[in-house]
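**Student:** The following block contains the structure, expressed as structure tokens.
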Amino acid sequence: MNGSEVQALIGPQTSEQADFLADMGEEAHIPIISFSAVKSSLSPSQVPFFVRMAQNDSTQAMPIAALVKAFGWGEVVIIHDDSDSGTVLIPYLTDAFQEIDVKARHRLVLSSTKSSINNTLRKITEQIGTRVFIVHLPFSLSKRFFINVHEAGMMAKDFVWIITSELTNRLCYMNSSILNTMQGVLGVQTFVPESERLNDFKVRWKRRFRRQFPDIEILDLDAYSLWAYDTVWLVAMAAEKTSFQFNEKFNSPNSQNLKSLFELDVSPNGENYLKSILSTKIQGLTGHIQLVGGQLQSTDFQIVNVLGNGWTGVGYWTPHAGLSRSRSSKDMEKNYSANADDLDRIIWPGRSTAAPKGWVFGRTLKIGVPVKTGFSEFMKVDIDPSDNKTVARGFCAEVFEKVTSFDYLHYPASLEYYEFDKDHAGEPGYYDNLIYQVYLKKYDAVVGDTTIIANRSIYVDFTQPYAESGVSMIVPIQRDYVTKSLWWFTKPFTWNLWLTIFLLCGAKGLLVWLFERSYKNEDFGGEWQQQLGIIFHFSFSVLVFAQREKLKTNYSRVVVVVWTLLVFLVVTSYTANLTAMLTVEKLQPAITDINSLIRRGDYVGYPNASFLLEDLKHMGFSEDKLRPYATIGEYADALSRGSSNNGVFPKGFDMVPDVSRAVLNLRESTDMSDIENKWFGARTCPDSLETPVTDKKLSWKAFLTPFAIAGGIAVLVLVAFCYWKPRDDDNSNNGDGDNSNNGDGDKSNNGERQAGLGGPPNDPPPQQEPTGTASSEPTPSHRNGDGDNSNNGEKQADSARPDDGSPGIEDVPASDTGGHTIIEEQAHGSTNRA
């Protein structure tokens with residue numbers, strides 16, 4: 001290529017130079033190639049003839065955010081200069097911090113003057129409690145800045161300094177005096193992989209540098225120097241693949257003639273050469289080089305820690321794996337993570353090995369406290385006569401002082417209390433006005449028995465609550481003794497269950513009576529008054545298992561067995577429930593429903609100055625029925641006569657997450673119980689009923705399943721009885737097995753009780769005894785001369801039955817010579833008759 005003609009420009013080292021030359025290259029179609037202009041706004045997509053052979057500075061926003069997230073810092077301060085390259089990175093950093101819920105509320109802009117630097121440092125120490133600083137400054141300004149930081153005593157314990165790649169990549173050019181002021185600084189540095197070719201190049205370069213400059217300290221090569229070397233090779237290799245056409249009018253501009261710089265004609269080779277540059281791939285000193293979209297695709301970073309006269313690597317950051325200790329395949333294949341354990345040990349400013357908390361107090365916090373007119377256990381405000389300062393005591397104050405102590409917050413917090421509006425203490429809206437003072441920045445925080453509610457959170461941020469909040473009713477209790485009622489024994493069951501039991505008992509007795517009467521069971525006979533009494537007796541005697549009637553039918557037996565099982569369940573349930581009622585004393589609240597207070601128009605008390613006044617009016621209470629009270633004594637007096645907690649900070653305040661974590665730790669420790677016992681005493685009774693007050697009586701629904709089973713079986717038995725109902729003549733023989741009625745051919749005596757059986761057809765019927773009178777002697781079962789002995793030895797059901805209904809036993813002697821000897825044994829004795 002003819003040296004008198006320009007086909008490309010390599011060189012602009014700053015973003016300002018790149019902006020200027022990129023416009024010229026666009027006009028002349030000359031590729032402008034930079035290995036150090038990293039400004040994100042200088043996009044090759046918008047300026048096609050600009051080629052960036054360097055890392056876009058926006059790519060470092062994510063690794064910086066990962067460092068902040070790894071150590072749990074909640075807020076950072078960004079320090080930068082007012083140059084174009086100094087401001088263009090800030091939006092990318094802000095977005096990266098927002099994704100991890102880190103606030104970058106403070107931005108400090110430096111100029112190059114020493115006074116500007118000192119003013120900035122003074123603002124940090126006096127007004128800002130954050131101790132995590134992101135420094136994005138050019139190389140020349142960075143040296144002066146860190147000298148001033150060190151002189152101001154800010155390169156000490158509890159401070160965190162993170163520098164961007166623009167400075168970290170040039171640390172090799174810092175002399176030892178500057179590095180001594182930066183001990184403990186963290187930085188993100190462009191990662192350049194080690195290779196044999198790179199090591200060989202460094203050896204040759206140092207040998208040549210020592211020959212040419214023997215009196216100058218040999219410095220290392222930074223990423224920009226290596227990119228410059230690779231850029232030359234890339235441009236040269238691209239030129240070998242390009243066919244150039246030379247134009248006599250397109251001459252190289254004379255560096256002495258600025259006018260000629262703007263009088264370049266359009267290059268006939270520019271577009272082809274640009275395509276060749278963008279498509280060329282090489283293996284350079286910095287690794288594999290390929291331009292995508294007109295710029296180098298380099299996204300990996302190394303995390304370094306400034307120590308001694310240099311720095312040491314403590315980890316890496318890649319888009320896929322996040323932070324990692326090494327670049328081994330195991331670390332590179334893991335999922336993205338950003339934890340402090342992913343890095344090697346770091347030496348922080350002040351030679352500390354413990355990670356800083358990221359926050360210290362540069363000033364005393366002004367804490368607003370309410371003036372209480374009662375309930376001094378929660379908060380009591382006094383004035384110390386010795387120094388006339390406000391002193392806060394009580395449960396709320398002690399909890400707040402505990403969580404802001406070094407034991408829980410891990411950094412010192414200086415507090416100063418201020419009492420709020422003593423003259424209006426106790427008036428409605430007092431607490432709302434107190435909290436609003438934080439929004440007006442009169443106080444840094446509010447401490448007191450302030451309740452967390454939605455409309456207050458619009459103006460302030462609440463920490464985690466250290467006591468349960470909510471609205472509760474305090475009402476008189478009434479002792480509920482079961483036996484104070486004359487009908488105490490009925491309380492285990494509800495009236496509908498009692499009624500159900502009585503109805504089922506009657507139905508059961510009626511069914512059994514129906515079944516047994518159909519089978520001529522004498523125990524269920526007699527006049528209707530007697531039968532009604534039998535039904536009633538049998539129905540309820542089963543409840544205590546005392547029935548005496550004998551059952552003859554299987555229908556009755558099935559009904560009684562099922563009913564007996566049901567009765568057992570009912571009786572045991574009654575016994576258990578009655579036992580509980582008689583042995584457990586119950587404390588019942590006099591009022592259980594807030595709506596009943598509204599309906600009856602009762603007076604209702606509330607804490608004065610509380611938010612409850614508006615809430616109660618919204619619920620429907622009449623304001624003239626609401627009474628404010630300030631002390632426990634006032635509440636007790638009103639109830640006896642009848643008819644009738646948490647810190648606050650500004651929105652986005654830095655301490656809120658730390659104090660919330662401290663509150664959670666305090667609640668899980670024994671310190672909280674010690675504080676509660678100190679101010680409220682040992683808890684001797686529950687704050688509220690563990691379970692709502694409900695009726696413990698058993699209703700019929702509790703026995704719905706067994707009732708349904710018993711009723712279903714009874715219905716089935718009744719259906720079976722109706723289908724197989726016995727005829728009247730089935731029972732006329734009194735158990736004889738046939739209807740011959742002792743050989744009588746007709747049924748004239750059907751249904752009559754027979755005195756004897758077995759007589760011949762022509763014998764007269766036996767004489768009947770008067771009703772209710774026992775026979776003087778038994779009727780023989782056999783007669784002499786019975787030729788066929790058809791009834792010999794037959795056991796009679798009626799003649800052998802004792803008077804009490806028990807079965808009798810009839811013995812017939814073997815030698816029967818003209819008469820019968822009948823021996824009748826009864827249930828209560830025996831009688832021999834000849």
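Residue numbers start at 1 in each chain; chains themselves are named A, B, ... in the order of the structure tokens; ligands are numbered from 1 in the order shown.
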From the DSSP assignment of the backbone, select every residue of range 149-253 of chain A that is helix (DSSP H, G or I), and format the answer as a ChimeraX atom specification.

**Tutor:** /A:149-151,165-168,171-173,176-180,196-212,223-240

**Student:** Excluding same-chain residues fewer than 4 positions from His424 in chain A, what lies within 10 Å of it counting only C-alpha atoms, as a list of chain:residue names?

**Tutor:**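 Near His424 in chain A, the qualifying residues are A:Val371, A:Phe420, A:Pro428, A:Gly429, A:Tyr430, A:Ala609.
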
**Student:** Between CA of Tyr443 in chain A and CA of Leu409 in chain A, what is the spacing in Å?

**Tutor:** 20.2 Å

**Student:** Step one, run DSSP on the backbone; step two, keep only residues of range 297-424 of chain A assigned to strand (DSSP E); then write them as a PyMOL selection string.

**Tutor:** chain A and resi 301-307+310-318+322-324+365-370+380-384+389-393+415-420

**Student:** May I ask for the distance between CA of Thr59 in chain A and CA of Leu171 in chain A, given in Å to one decimal place?

**Tutor:**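 Taking CA of Thr59 in chain A and CA of Leu171 in chain A, their separation equals 19.4 Å.
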
**Student:** Compile the contact shell of Asn496 in chain A as a PDB file with C-alpha atoms, in the first residue's frame: residues with an atom at most 10 Å away, counting only C-alpha atoms, same-chain residues fewer than 6 positions apart removed.

**Tutor:**
```
ATOM      1  CA  PHE A 502     -87.087 -39.338  72.630  1.00  0.00           C
ATOM      2  CA  LEU A 698     -73.590 -32.028  71.172  1.00  0.00           C
ATOM      3  CA  SER A 699     -76.370 -31.633  68.615  1.00  0.00           C
ATOM      4  CA  TRP A 700     -78.246 -34.227  66.615  1.00  0.00           C
ATOM      5  CA  LYS A 701     -75.881 -33.651  63.718  1.00  0.00           C
TER       6      LYS A 701
END
```

**Student:** Which of these residues is nearest to Asp300 in chain A, using only C-alpha atoms: A:Glu398, A:Asp57, A:Asp23, A:Asp615?

**Tutor:**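 For Asp300 in chain A, the nearest of the candidates is A:Asp57.
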
**Student:** Give me, please, the distance in Å between CA of Phe20 in chain A and CA of Ser43 in chain A, quoted to one decimal.

**Tutor:**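 We find that CA of Phe20 in chain A and CA of Ser43 in chain A lie 13.5 Å from each other.
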